[in-house]
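query-v3.cif (mmCIF, C-alpha atoms)
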data_my_file
#
loop_
_atom_site.group_PDB
_atom_site.id
_atom_site.type_symbol
_atom_site.label_atom_id
_atom_site.label_comp_id
_atom_site.auth_asym_id
_atom_site.auth_seq_id
_atom_site.Cartn_x
_atom_site.Cartn_y
_atom_site.Cartn_z
ATOM 1 C CA MET A 1 146.932 57.610 113.401
ATOM 2 C CA SER A 2 146.994 53.802 113.480
ATOM 3 C CA SER A 3 143.791 51.938 114.174
ATOM 4 C CA LEU A 4 143.368 49.696 117.190
ATOM 5 C CA PRO A 5 144.081 45.989 116.588
ATOM 6 C CA GLU A 6 141.010 43.874 115.893
ATOM 7 C CA ARG A 7 139.800 41.954 118.933
ATOM 8 C CA ILE A 8 140.073 38.189 118.618
ATOM 9 C CA GLY A 9 137.256 36.242 120.223
ATOM 10 C CA ARG A 10 136.893 32.583 121.078
ATOM 11 C CA ALA A 11 133.985 30.216 120.491
ATOM 12 C CA ASP A 12 133.164 26.600 121.297
ATOM 13 C CA LEU A 13 130.581 25.446 118.768
ATOM 14 C CA HIS A 14 130.107 21.773 119.685
ATOM 15 C CA ILE A 15 128.712 21.141 123.185
ATOM 16 C CA HIS A 16 126.327 18.449 124.437
ATOM 17 C CA SER A 17 123.908 18.785 127.346
ATOM 18 C CA MET A 18 122.108 16.068 129.274
ATOM 19 C CA ALA A 19 119.218 16.420 126.819
ATOM 20 C CA SER A 20 121.259 14.057 124.626
ATOM 21 C CA ASP A 21 124.463 12.301 125.706
ATOM 22 C CA GLY A 22 126.012 15.018 127.875
ATOM 23 C CA ILE A 23 125.911 14.754 131.661
ATOM 24 C CA ASP A 24 125.254 18.375 132.698
ATOM 25 C CA GLY A 25 122.236 20.645 132.419
ATOM 26 C CA ILE A 26 122.130 24.113 130.916
ATOM 27 C CA ALA A 27 122.758 25.907 134.239
ATOM 28 C CA ALA A 28 126.103 24.131 134.707
ATOM 29 C CA ILE A 29 127.061 24.763 131.077
ATOM 30 C CA LEU A 30 126.246 28.467 131.324
ATOM 31 C CA GLU A 31 128.020 28.717 134.663
ATOM 32 C CA HIS A 32 131.245 27.287 133.250
ATOM 33 C CA ALA A 33 130.949 29.443 130.133
ATOM 34 C CA GLU A 34 130.646 32.562 132.303
ATOM 35 C CA GLN A 35 133.634 31.514 134.382
ATOM 36 C CA ARG A 36 135.720 30.981 131.241
ATOM 37 C CA THR A 37 136.292 34.671 130.553
ATOM 38 C CA ASP A 38 138.296 33.749 127.448
ATOM 39 C CA LEU A 39 135.183 32.139 125.925
ATOM 40 C CA ASP A 40 132.787 34.545 124.203
ATOM 41 C CA VAL A 41 130.372 32.302 122.292
ATOM 42 C CA ILE A 42 129.085 28.761 122.769
ATOM 43 C CA ALA A 43 126.761 26.539 120.749
ATOM 44 C CA ILE A 44 124.789 23.713 122.330
ATOM 45 C CA THR A 45 124.542 20.969 119.723
ATOM 46 C CA ASP A 46 122.659 18.038 121.175
ATOM 47 C CA HIS A 47 122.048 15.004 118.989
ATOM 48 C CA GLU A 48 118.839 15.308 116.965
ATOM 49 C CA ARG A 49 117.264 18.021 119.169
ATOM 50 C CA ILE A 50 117.469 21.756 119.875
ATOM 51 C CA ASP A 51 115.235 22.160 122.962
ATOM 52 C CA ALA A 52 118.013 22.514 125.534
ATOM 53 C CA ALA A 53 119.882 24.907 123.240
ATOM 54 C CA VAL A 54 116.780 27.091 122.900
ATOM 55 C CA ALA A 55 116.334 27.061 126.678
ATOM 56 C CA ALA A 56 120.002 27.975 127.253
ATOM 57 C CA GLN A 57 119.816 30.851 124.798
ATOM 58 C CA HIS A 58 116.670 32.119 126.514
ATOM 59 C CA VAL A 59 118.274 31.930 129.961
ATOM 60 C CA ALA A 60 121.465 33.661 128.794
ATOM 61 C CA ARG A 61 119.504 36.534 127.268
ATOM 62 C CA GLU A 62 117.007 36.764 130.129
ATOM 63 C CA ARG A 63 119.803 36.994 132.684
ATOM 64 C CA GLY A 64 122.038 39.283 130.628
ATOM 65 C CA LEU A 65 124.951 36.864 130.656
ATOM 66 C CA ARG A 66 128.231 37.793 129.020
ATOM 67 C CA VAL A 67 128.449 34.687 126.825
ATOM 68 C CA ASP A 68 126.469 34.452 123.568
ATOM 69 C CA VAL A 69 124.565 31.174 123.003
ATOM 70 C CA ILE A 70 123.901 29.727 119.541
ATOM 71 C CA VAL A 71 121.106 27.217 118.956
ATOM 72 C CA GLY A 72 122.637 24.214 117.243
ATOM 73 C CA GLU A 73 122.192 20.506 116.611
ATOM 74 C CA GLU A 74 124.491 17.603 115.842
ATOM 75 C CA ILE A 75 122.642 15.944 112.998
ATOM 76 C CA SER A 76 123.133 12.283 112.145
ATOM 77 C CA THR A 77 123.211 11.840 108.378
ATOM 78 C CA ARG A 78 123.801 8.747 106.272
ATOM 79 C CA SER A 79 127.367 9.950 105.641
ATOM 80 C CA GLY A 80 128.403 11.235 109.063
ATOM 81 C CA HIS A 81 127.683 13.844 111.701
ATOM 82 C CA LEU A 82 126.943 17.445 110.799
ATOM 83 C CA LEU A 83 126.743 20.526 113.022
ATOM 84 C CA GLY A 84 123.856 22.825 112.180
ATOM 85 C CA LEU A 85 124.207 26.262 113.801
ATOM 86 C CA PHE A 86 121.816 29.217 114.099
ATOM 87 C CA LEU A 87 118.839 26.915 113.769
ATOM 88 C CA GLU A 88 115.190 27.802 114.185
ATOM 89 C CA ARG A 89 113.886 24.251 114.005
ATOM 90 C CA ARG A 90 115.210 20.732 114.367
ATOM 91 C CA VAL A 91 116.688 18.987 111.333
ATOM 92 C CA ARG A 92 115.504 15.390 110.997
ATOM 93 C CA PRO A 93 118.250 12.728 111.090
ATOM 94 C CA TRP A 94 119.336 9.914 108.763
ATOM 95 C CA ARG A 95 118.909 11.656 105.456
ATOM 96 C CA SER A 96 121.693 12.370 102.979
ATOM 97 C CA ILE A 97 124.296 14.815 104.203
ATOM 98 C CA ALA A 98 123.612 17.016 101.166
ATOM 99 C CA ASP A 99 119.907 17.307 101.999
ATOM 100 C CA SER A 100 120.727 17.978 105.653
ATOM 101 C CA ILE A 101 123.122 20.810 104.742
ATOM 102 C CA ALA A 102 120.503 22.251 102.408
ATOM 103 C CA GLU A 103 117.896 22.269 105.174
ATOM 104 C CA VAL A 104 120.306 24.030 107.533
ATOM 105 C CA HIS A 105 120.918 26.673 104.867
ATOM 106 C CA ASP A 106 117.224 26.991 104.041
ATOM 107 C CA GLN A 107 116.505 28.122 107.597
ATOM 108 C CA GLY A 108 119.368 30.597 107.586
ATOM 109 C CA GLY A 109 121.920 28.473 109.433
ATOM 110 C CA ILE A 110 125.485 27.413 108.735
ATOM 111 C CA ALA A 111 126.676 23.824 108.372
ATOM 112 C CA ILE A 112 129.955 22.420 109.691
ATOM 113 C CA VAL A 113 131.185 18.878 109.109
ATOM 114 C CA ALA A 114 131.993 17.312 112.495
ATOM 115 C CA HIS A 115 135.120 15.220 113.256
ATOM 116 C CA PRO A 116 135.814 14.209 109.623
ATOM 117 C CA LEU A 117 138.112 11.627 107.996
ATOM 118 C CA VAL A 118 137.998 9.093 110.836
ATOM 119 C CA PRO A 119 137.092 5.646 109.385
ATOM 120 C CA TYR A 120 133.937 5.383 111.455
ATOM 121 C CA PRO A 121 130.304 5.554 110.252
ATOM 122 C CA LEU A 122 129.589 8.787 112.159
ATOM 123 C CA CYS A 123 132.431 10.674 110.452
ATOM 124 C CA ALA A 124 132.286 12.056 106.904
ATOM 125 C CA SER A 125 134.972 10.796 104.535
ATOM 126 C CA GLY A 126 137.164 12.968 102.361
ATOM 127 C CA ARG A 127 135.393 11.656 99.266
ATOM 128 C CA THR A 128 132.001 12.648 100.684
ATOM 129 C CA ILE A 129 133.177 16.169 101.543
ATOM 130 C CA ARG A 130 134.749 16.700 98.114
ATOM 131 C CA ARG A 131 131.560 15.517 96.450
ATOM 132 C CA LEU A 132 129.562 18.067 98.454
ATOM 133 C CA LEU A 133 131.913 20.897 97.504
ATOM 134 C CA ASP A 134 131.786 19.867 93.832
ATOM 135 C CA SER A 135 127.986 20.006 93.786
ATOM 136 C CA PRO A 136 126.587 22.630 91.368
ATOM 137 C CA ASP A 137 124.024 23.478 94.078
ATOM 138 C CA ALA A 138 125.638 25.806 96.632
ATOM 139 C CA ARG A 139 122.977 24.777 99.170
ATOM 140 C CA HIS A 140 124.886 21.488 99.507
ATOM 141 C CA HIS A 141 128.249 23.104 100.297
ATOM 142 C CA PRO A 142 129.380 22.923 103.945
ATOM 143 C CA ASP A 143 130.461 26.269 105.390
ATOM 144 C CA GLY A 144 133.212 24.799 107.531
ATOM 145 C CA ILE A 145 134.947 21.649 108.715
ATOM 146 C CA GLU A 146 135.954 20.733 112.245
ATOM 147 C CA ALA A 147 139.733 20.781 111.903
ATOM 148 C CA PHE A 148 140.286 20.114 115.609
ATOM 149 C CA ASN A 149 138.188 17.924 117.897
ATOM 150 C CA PRO A 150 139.886 16.757 121.124
ATOM 151 C CA THR A 151 138.043 13.420 121.115
ATOM 152 C CA THR A 152 139.765 12.405 117.862
ATOM 153 C CA ALA A 153 142.901 14.545 118.022
ATOM 154 C CA ALA A 154 145.073 11.697 119.331
ATOM 155 C CA MET A 155 144.138 9.485 116.385
ATOM 156 C CA ARG A 156 146.567 9.229 113.493
ATOM 157 C CA TRP A 157 143.946 10.528 111.048
ATOM 158 C CA GLN A 158 143.941 13.926 112.774
ATOM 159 C CA ARG A 159 147.301 14.811 111.199
ATOM 160 C CA ARG A 160 145.686 14.875 107.749
ATOM 161 C CA ILE A 161 142.773 17.132 108.633
ATOM 162 C CA PRO A 162 144.291 20.667 108.698
ATOM 163 C CA ALA A 163 145.834 20.250 105.230
ATOM 164 C CA PHE A 164 142.639 18.665 103.934
ATOM 165 C CA VAL A 165 140.517 21.586 105.198
ATOM 166 C CA ALA A 166 142.917 24.074 103.624
ATOM 167 C CA GLN A 167 142.570 22.272 100.293
ATOM 168 C CA CYS A 168 138.789 22.372 100.577
ATOM 169 C CA GLY A 169 138.776 26.161 100.905
ATOM 170 C CA VAL A 170 136.210 26.331 103.713
ATOM 171 C CA ALA A 171 136.426 27.622 107.275
ATOM 172 C CA ALA A 172 138.540 25.598 109.708
ATOM 173 C CA VAL A 173 137.033 25.420 113.187
ATOM 174 C CA GLY A 174 137.965 23.803 116.477
ATOM 175 C CA ASN A 175 135.519 22.626 119.120
ATOM 176 C CA SER A 176 135.493 20.759 122.419
ATOM 177 C CA ASP A 177 132.739 18.240 121.587
ATOM 178 C CA ALA A 178 132.184 18.605 125.346
ATOM 179 C CA HIS A 179 129.922 16.150 127.133
ATOM 180 C CA ARG A 180 130.501 17.704 130.556
ATOM 181 C CA ALA A 181 130.452 21.383 131.464
ATOM 182 C CA SER A 182 134.016 21.395 132.779
ATOM 183 C CA ALA A 183 135.299 20.455 129.293
ATOM 184 C CA LEU A 184 134.089 23.667 127.644
ATOM 185 C CA GLY A 185 136.880 25.288 125.671
ATOM 186 C CA GLN A 186 139.069 22.163 125.436
ATOM 187 C CA GLY A 187 138.862 22.839 121.706
ATOM 188 C CA SER A 188 137.797 26.189 120.312
ATOM 189 C CA THR A 189 137.653 28.549 117.356
ATOM 190 C CA THR A 190 139.252 31.987 117.316
ATOM 191 C CA PHE A 191 137.607 34.684 115.217
ATOM 192 C CA PRO A 192 137.640 38.459 114.719
ATOM 193 C CA GLY A 193 135.099 39.927 117.155
ATOM 194 C CA ARG A 194 133.264 38.600 120.175
ATOM 195 C CA THR A 195 129.609 37.909 119.272
ATOM 196 C CA ALA A 196 127.662 35.036 117.737
ATOM 197 C CA GLN A 197 127.002 37.111 114.623
ATOM 198 C CA GLU A 198 130.721 37.767 114.265
ATOM 199 C CA VAL A 199 131.412 34.021 114.545
ATOM 200 C CA ARG A 200 128.935 33.463 111.752
ATOM 201 C CA ASP A 201 130.574 36.160 109.616
ATOM 202 C CA ALA A 202 134.023 34.690 110.301
ATOM 203 C CA VAL A 203 132.945 31.210 109.180
ATOM 204 C CA ILE A 204 131.512 32.618 105.954
ATOM 205 C CA ASP A 205 134.612 34.801 105.417
ATOM 206 C CA ARG A 206 136.965 31.920 106.370
ATOM 207 C CA THR A 207 138.739 33.979 109.027
ATOM 208 C CA THR A 208 138.478 31.364 111.797
ATOM 209 C CA SER A 209 141.290 29.381 113.348
ATOM 210 C CA PRO A 210 141.095 26.123 115.373
ATOM 211 C CA GLN A 211 142.960 25.484 118.611
ATOM 212 C CA GLY A 212 142.863 23.153 121.598
ATOM 213 C CA GLU A 213 144.352 20.257 123.494
ATOM 214 C CA THR A 214 143.597 16.548 123.232
ATOM 215 C CA TYR A 215 141.484 14.871 125.907
ATOM 216 C CA PRO A 216 143.451 12.367 127.979
ATOM 217 C CA TRP A 217 142.241 8.812 127.390
ATOM 218 C CA SER A 218 141.395 8.554 131.095
ATOM 219 C CA THR A 219 138.898 11.401 130.650
ATOM 220 C CA GLN A 220 137.179 9.472 127.880
ATOM 221 C CA PHE A 221 136.754 6.409 130.088
ATOM 222 C CA THR A 222 135.379 8.364 133.063
ATOM 223 C CA MET A 223 132.942 10.096 130.718
ATOM 224 C CA VAL A 224 131.514 6.770 129.574
ATOM 225 C CA SER A 225 130.978 5.757 133.207
ATOM 226 C CA ALA A 226 129.217 9.047 133.956
ATOM 227 C CA GLN A 227 126.998 8.634 130.891
ATOM 228 C CA LEU A 228 126.011 5.122 131.967
ATOM 229 C CA ARG A 229 125.028 6.392 135.418
ATOM 230 C CA LYS A 230 123.030 9.226 133.880
ATOM 231 C CA ASN A 231 121.259 6.838 131.523
ATOM 232 C CA ALA A 232 120.342 4.530 134.422
ATOM 233 C CA ARG A 233 118.782 7.460 136.297
ATOM 234 C CA ALA A 234 116.944 8.509 133.139
ATOM 235 C CA VAL A 235 115.450 5.036 132.615
ATOM 236 C CA GLY A 236 114.374 4.959 136.253
ATOM 237 C CA ALA A 237 112.677 8.357 135.956
ATOM 238 C CA ASP A 238 110.859 7.339 132.757
ATOM 239 C CA VAL A 239 109.649 4.066 134.293
ATOM 240 C CA ARG A 240 108.528 5.812 137.474
ATOM 241 C CA GLY A 241 106.588 8.393 135.480
ATOM 242 C CA ARG A 242 104.791 5.695 133.501
ATOM 243 C CA ILE A 243 103.933 3.676 136.602
ATOM 244 C CA LEU A 244 102.656 6.680 138.534
ATOM 245 C CA ARG A 245 101.093 8.269 135.441
ATOM 246 C CA ASP A 246 102.016 11.654 136.881
ATOM 247 C CA GLY A 247 103.110 13.277 133.615
ATOM 248 C CA THR A 248 106.840 13.182 134.342
ATOM 249 C CA GLY A 249 109.899 11.522 132.838
ATOM 250 C CA ARG A 250 113.639 11.908 132.688
ATOM 251 C CA TYR A 251 115.084 15.344 133.327
ATOM 252 C CA LEU A 252 116.650 16.911 130.229
ATOM 253 C CA GLY A 253 118.659 19.599 131.961
ATOM 254 C CA TYR A 254 116.430 22.663 131.769
ATOM 255 C CA PRO A 255 113.396 23.920 133.745
ATOM 256 C CA GLY A 256 110.201 22.041 132.921
ATOM 257 C CA SER A 257 111.949 19.345 130.907
ATOM 258 C CA HIS A 258 110.908 16.577 133.321
ATOM 259 C CA LEU A 259 107.260 17.177 132.377
ATOM 260 C CA ARG A 260 105.422 15.187 129.721
ATOM 261 C CA PRO A 261 104.758 16.663 127.259
ATOM 262 C CA ILE A 262 108.101 18.402 127.583
ATOM 263 C CA ARG A 263 107.986 22.160 127.995
ATOM 264 C CA PHE A 264 110.311 24.956 129.011
ATOM 265 C CA ASP A 265 109.073 26.496 132.272
ATOM 266 C CA THR A 266 110.170 30.138 132.262
ATOM 267 C CA HIS A 267 108.900 30.548 135.833
ATOM 268 C CA GLU A 268 111.673 28.287 137.118
ATOM 269 C CA LEU A 269 114.666 29.716 135.284
ATOM 270 C CA PRO A 270 118.064 29.050 136.826
ATOM 271 C CA VAL A 271 119.694 32.252 138.019
ATOM 272 C CA ILE A 272 123.303 32.715 136.896
ATOM 273 C CA THR A 273 125.080 35.667 138.475
ATOM 274 C CA PRO A 274 127.654 37.740 136.526
ATOM 275 C CA ARG A 275 130.336 35.747 138.384
ATOM 276 C CA GLY A 276 128.898 32.533 136.975
ATOM 277 C CA GLU A 277 127.353 31.268 140.207
ATOM 278 C CA THR A 278 124.152 29.236 139.992
ATOM 279 C CA ILE A 279 121.644 30.393 142.615
ATOM 280 C CA GLY A 280 118.742 28.136 141.689
ATOM 281 C CA GLU A 281 117.743 25.498 139.189
ATOM 282 C CA GLU A 282 114.846 23.218 138.425
ATOM 283 C CA ALA A 283 114.883 20.655 141.225
ATOM 284 C CA ALA A 284 113.500 17.624 139.409
ATOM 285 C CA GLN A 285 116.698 15.856 138.406
#

Give the structure from this file in structure tokens form.
Amino acid sequence: MSSLPERIGRADLHIHSMASDGIDGIAAILEHAEQRTDLDVIAITDHERIDAAVAAQHVARERGLRVDVIVGEEISTRSGHLLGLFLERRVRPWRSIADSIAEVHDQGGIAIVAHPLVPYPLCASGRTIRRLLDSPDARHHPDGIEAFNPTTAAMRWQRRIPAFVAQCGVAAVGNSDAHRASALGQGSTTFPGRTAQEVRDAVIDRTTSPQGETYPWSTQFTMVSAQLRKNARAVGADVRGRILRDGTGRYLGYPGSHLRPIRFDTHELPVITPRGETIGEEAAQ
């Protein structure tokens, strides 16, 4: 009797919320993830912080949502951006990429090089990645490389990346690098299974596959405009909080995040129905 074919799941492991440079809060991100029935796992990877990711994971579990949420961070290193996944604590920025990968591994996470090979300071070079893989210390070895990122896919350097990743012998992943909720799944990773743990296993076993479509240039321009408007509102909220001395500041996209000091208010959780509809969310935006 033949066995049933293995289920192939889909994950988006590079998503930004308004806690960093995204424009949507966790309720909108979770809502879109629930609506995308072809998306099983997401990772929120804000720049230099994990608070919104922790809040999103809590909400998803508390509400019994279908989608699995991974706590991640996009870490700025001296040699480019790095995705740390399955984190328990924030990884400090602007250290060597080797030390950053080691810290991700030391807390049980996996490390993926983000949007590589682009001649830009925030992107790791091929020489840097090869040096990491040649290190005698396995703690410095990345577990995967972002072989597809729709923000850089139209650039001529993208054509080199799939072959380069294959030569490196690490997992090839694809992600959306989404900065708005509606962009979830624009780039993604397929893997055997459907859960966050199975994504992790697939990266380690190198059984992932990247896919996706390039963002239109017009989308990139409208995103910059939306980010500027968000930043203006954030500055206004911070200034108002200081003037009034009322213990508030800019809203970071999850309940309680407008308070200073920042905290996650579990009494004001957004409610996401199984259909992905948001019934309520923290009002201080």

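Across the structure, CA of Gly241 in chain A and CA of Thr222 in chain A are spaced 28.9 Å apart.
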
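For the pair CA of Gly212 in chain A and CA of Ala153 in chain A, the separation is 9.3 Å.
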
Could you tell me, as a count of residues only, exactly which residues end up selected when the PyMOL selection byres ((chain A and resi 252) around 6) is applied to this structure? 6

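The space between CA of Gly80 in chain A and CA of Val199 in chain A spans 23.6 Å.
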
Among listed residues A:Leu87, A:Val104, A:Leu13, A:Met155, nearest Val118 in chain A (using all atoms listed in the file):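 Of all the options, A:Met155 lies closest to Val118 in chain A.
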
For the structure provided, state which residues fall under the PyMOL selection byres ((chain A and resi 111-113) around 7), and present them as a ChimeraX atom specification. /A:81-85,101,104,109-110,114-116,142-146

Written as a PyMOL selection string, what is the full residue list that the PyMOL selection byres ((chain A and resi 98) around 12) yields on the file shown? chain A and resi 75-82+94-97+99-105+111-113+124+128-142

Leaving out range 230-236 of chain A and any residue of its chain fewer than 6 positions from it, which residues lie within 12 Å of it when counting all atoms listed in the file, given as a JSON list (two decimals) with C-alpha atoms, in the coordinates of the input?
[["chain", "number", "residue", "atom", "x", "y", "z"],
["A", 17, "SER", "CA", 123.91, 18.78, 127.35],
["A", 18, "MET", "CA", 122.11, 16.07, 129.27],
["A", 19, "ALA", "CA", 119.22, 16.42, 126.82],
["A", 20, "SER", "CA", 121.26, 14.06, 124.63],
["A", 21, "ASP", "CA", 124.46, 12.30, 125.71],
["A", 22, "GLY", "CA", 126.01, 15.02, 127.88],
["A", 23, "ILE", "CA", 125.91, 14.75, 131.66],
["A", 24, "ASP", "CA", 125.25, 18.38, 132.70],
["A", 25, "GLY", "CA", 122.24, 20.64, 132.42],
["A", 179, "HIS", "CA", 129.92, 16.15, 127.13],
["A", 180, "ARG", "CA", 130.50, 17.70, 130.56],
["A", 223, "MET", "CA", 132.94, 10.10, 130.72],
["A", 224, "VAL", "CA", 131.51, 6.77, 129.57],
["A", 242, "ARG", "CA", 104.79, 5.70, 133.50],
["A", 243, "ILE", "CA", 103.93, 3.68, 136.60],
["A", 248, "THR", "CA", 106.84, 13.18, 134.34],
["A", 249, "GLY", "CA", 109.90, 11.52, 132.84],
["A", 250, "ARG", "CA", 113.64, 11.91, 132.69],
["A", 251, "TYR", "CA", 115.08, 15.34, 133.33],
["A", 252, "LEU", "CA", 116.65, 16.91, 130.23],
["A", 253, "GLY", "CA", 118.66, 19.60, 131.96],
["A", 258, "HIS", "CA", 110.91, 16.58, 133.32],
["A", 284, "ALA", "CA", 113.50, 17.62, 139.41],
["A", 285, "GLN", "CA", 116.70, 15.86, 138.41]]

Within 10 Å of range 40-58 of chain A, which residues of range 94-208 of chain A show up? Give each one with its shortest atom-to-atom distance in Å (one decimal) and the two atoms involved, counting all atoms listed in the file, rows by chain then rising residue number, as JSON lines.
{"residue": "A:Trp94", "atom": "CA", "partner": "A:Glu48", "partner_atom": "CA", "distance": 9.8}
{"residue": "A:Asn175", "atom": "CA", "partner": "A:Ile42", "partner_atom": "CA", "distance": 9.6}
{"residue": "A:Asp177", "atom": "CA", "partner": "A:Thr45", "partner_atom": "CA", "distance": 8.8}
{"residue": "A:Ala178", "atom": "CA", "partner": "A:Ile44", "partner_atom": "CA", "distance": 9.5}
{"residue": "A:His179", "atom": "CA", "partner": "A:Asp46", "partner_atom": "CA", "distance": 9.6}
{"residue": "A:Leu184", "atom": "CA", "partner": "A:Ile42", "partner_atom": "CA", "distance": 8.6}
{"residue": "A:Gly185", "atom": "CA", "partner": "A:Ile42", "partner_atom": "CA", "distance": 9.0}
{"residue": "A:Ser188", "atom": "CA", "partner": "A:Ile42", "partner_atom": "CA", "distance": 9.4}
{"residue": "A:Thr189", "atom": "CA", "partner": "A:Val41", "partner_atom": "CA", "distance": 9.6}
{"residue": "A:Thr190", "atom": "CA", "partner": "A:Asp40", "partner_atom": "CA", "distance": 9.8}
{"residue": "A:Gly193", "atom": "CA", "partner": "A:Asp40", "partner_atom": "CA", "distance": 9.2}
{"residue": "A:Arg194", "atom": "CA", "partner": "A:Asp40", "partner_atom": "CA", "distance": 5.7}
{"residue": "A:Thr195", "atom": "CA", "partner": "A:Val41", "partner_atom": "CA", "distance": 6.4}
{"residue": "A:Ala196", "atom": "CA", "partner": "A:Val41", "partner_atom": "CA", "distance": 6.0}
{"residue": "A:Gln197", "atom": "CA", "partner": "A:Val41", "partner_atom": "CA", "distance": 9.7}
{"residue": "A:Glu198", "atom": "CA", "partner": "A:Val41", "partner_atom": "CA", "distance": 9.7}
{"residue": "A:Val199", "atom": "CA", "partner": "A:Val41", "partner_atom": "CA", "distance": 8.0}

Closest to Tyr215 in chain A among A:Gly187, A:Pro150, A:Gly256, A:Ala166, using all atoms listed in the file? A:Pro150

Box for range 77-81 of chain A: with edges along x, y and z, all listed atoms inside and 6 Å added on each side, what are the centre and edge lengths in Å to one decimal, as JSON?
{"center_x": 125.8, "center_y": 11.3, "center_z": 108.7, "size_x": 17.2, "size_y": 17.1, "size_z": 18.1}

Sel. within 6 Å of pt (130.1, 23.7, 129.7), counting all atoms listed in the file, output as a ChimeraX atom specification: /A:29,32-33,181-182,184

Determine the nearest neighbour of Pro119 in chain A from the options A:His14, A:Thr152, A:Arg92, A:Arg260, counting only C-alpha atoms.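 Nearest to Pro119 in chain A: A:Thr152.
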
Pick the closest to Val173 in chain A from A:Arg36, A:Arg240, A:Arg263, A:Arg10: which is it, counting all atoms listed in the file?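 Counting all atoms listed in the file, the residue closest to Val173 in chain A is A:Arg10.
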
Residues within 6 Å of Pro255 in chain A, please, as a short mmCIF file (atom, residue, chain, number, x, y, z; two decimals) with C-alpha atoms, in the coordinates of the input. Count only C-alpha atoms; anything in the same chain fewer than 2 positions from it doesn't count.
data_model
loop_
_atom_site.label_atom_id
_atom_site.label_comp_id
_atom_site.auth_asym_id
_atom_site.auth_seq_id
_atom_site.Cartn_x
_atom_site.Cartn_y
_atom_site.Cartn_z
CA SER A 257 111.95 19.34 130.91
CA PHE A 264 110.31 24.96 129.01
CA ASP A 265 109.07 26.50 132.27
CA GLU A 268 111.67 28.29 137.12
CA GLU A 282 114.85 23.22 138.43
#

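For the residues A:Gln158, A:Gln167, A:Gln227, A:Thr214, ranking by smallest atom-to-atom distance to Ala183 in chain A using all atoms listed in the file places A:Thr214 first.
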
Can you list, as an NGL selection string, every protein, DNA or RNA residue that comes within 7 Å of Phe191 in chain A when you count all atoms listed in the file, leaving out same-chain residues fewer than 3 positions away? :A and (8-10 or 199 or 202 or 207-209)

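Minimum atom-to-atom distance to Ala163 in chain A, evaluated using only C-alpha atoms, belongs to A:Phe148 out of A:Phe148, A:Ile26, A:His16, A:Glu88.
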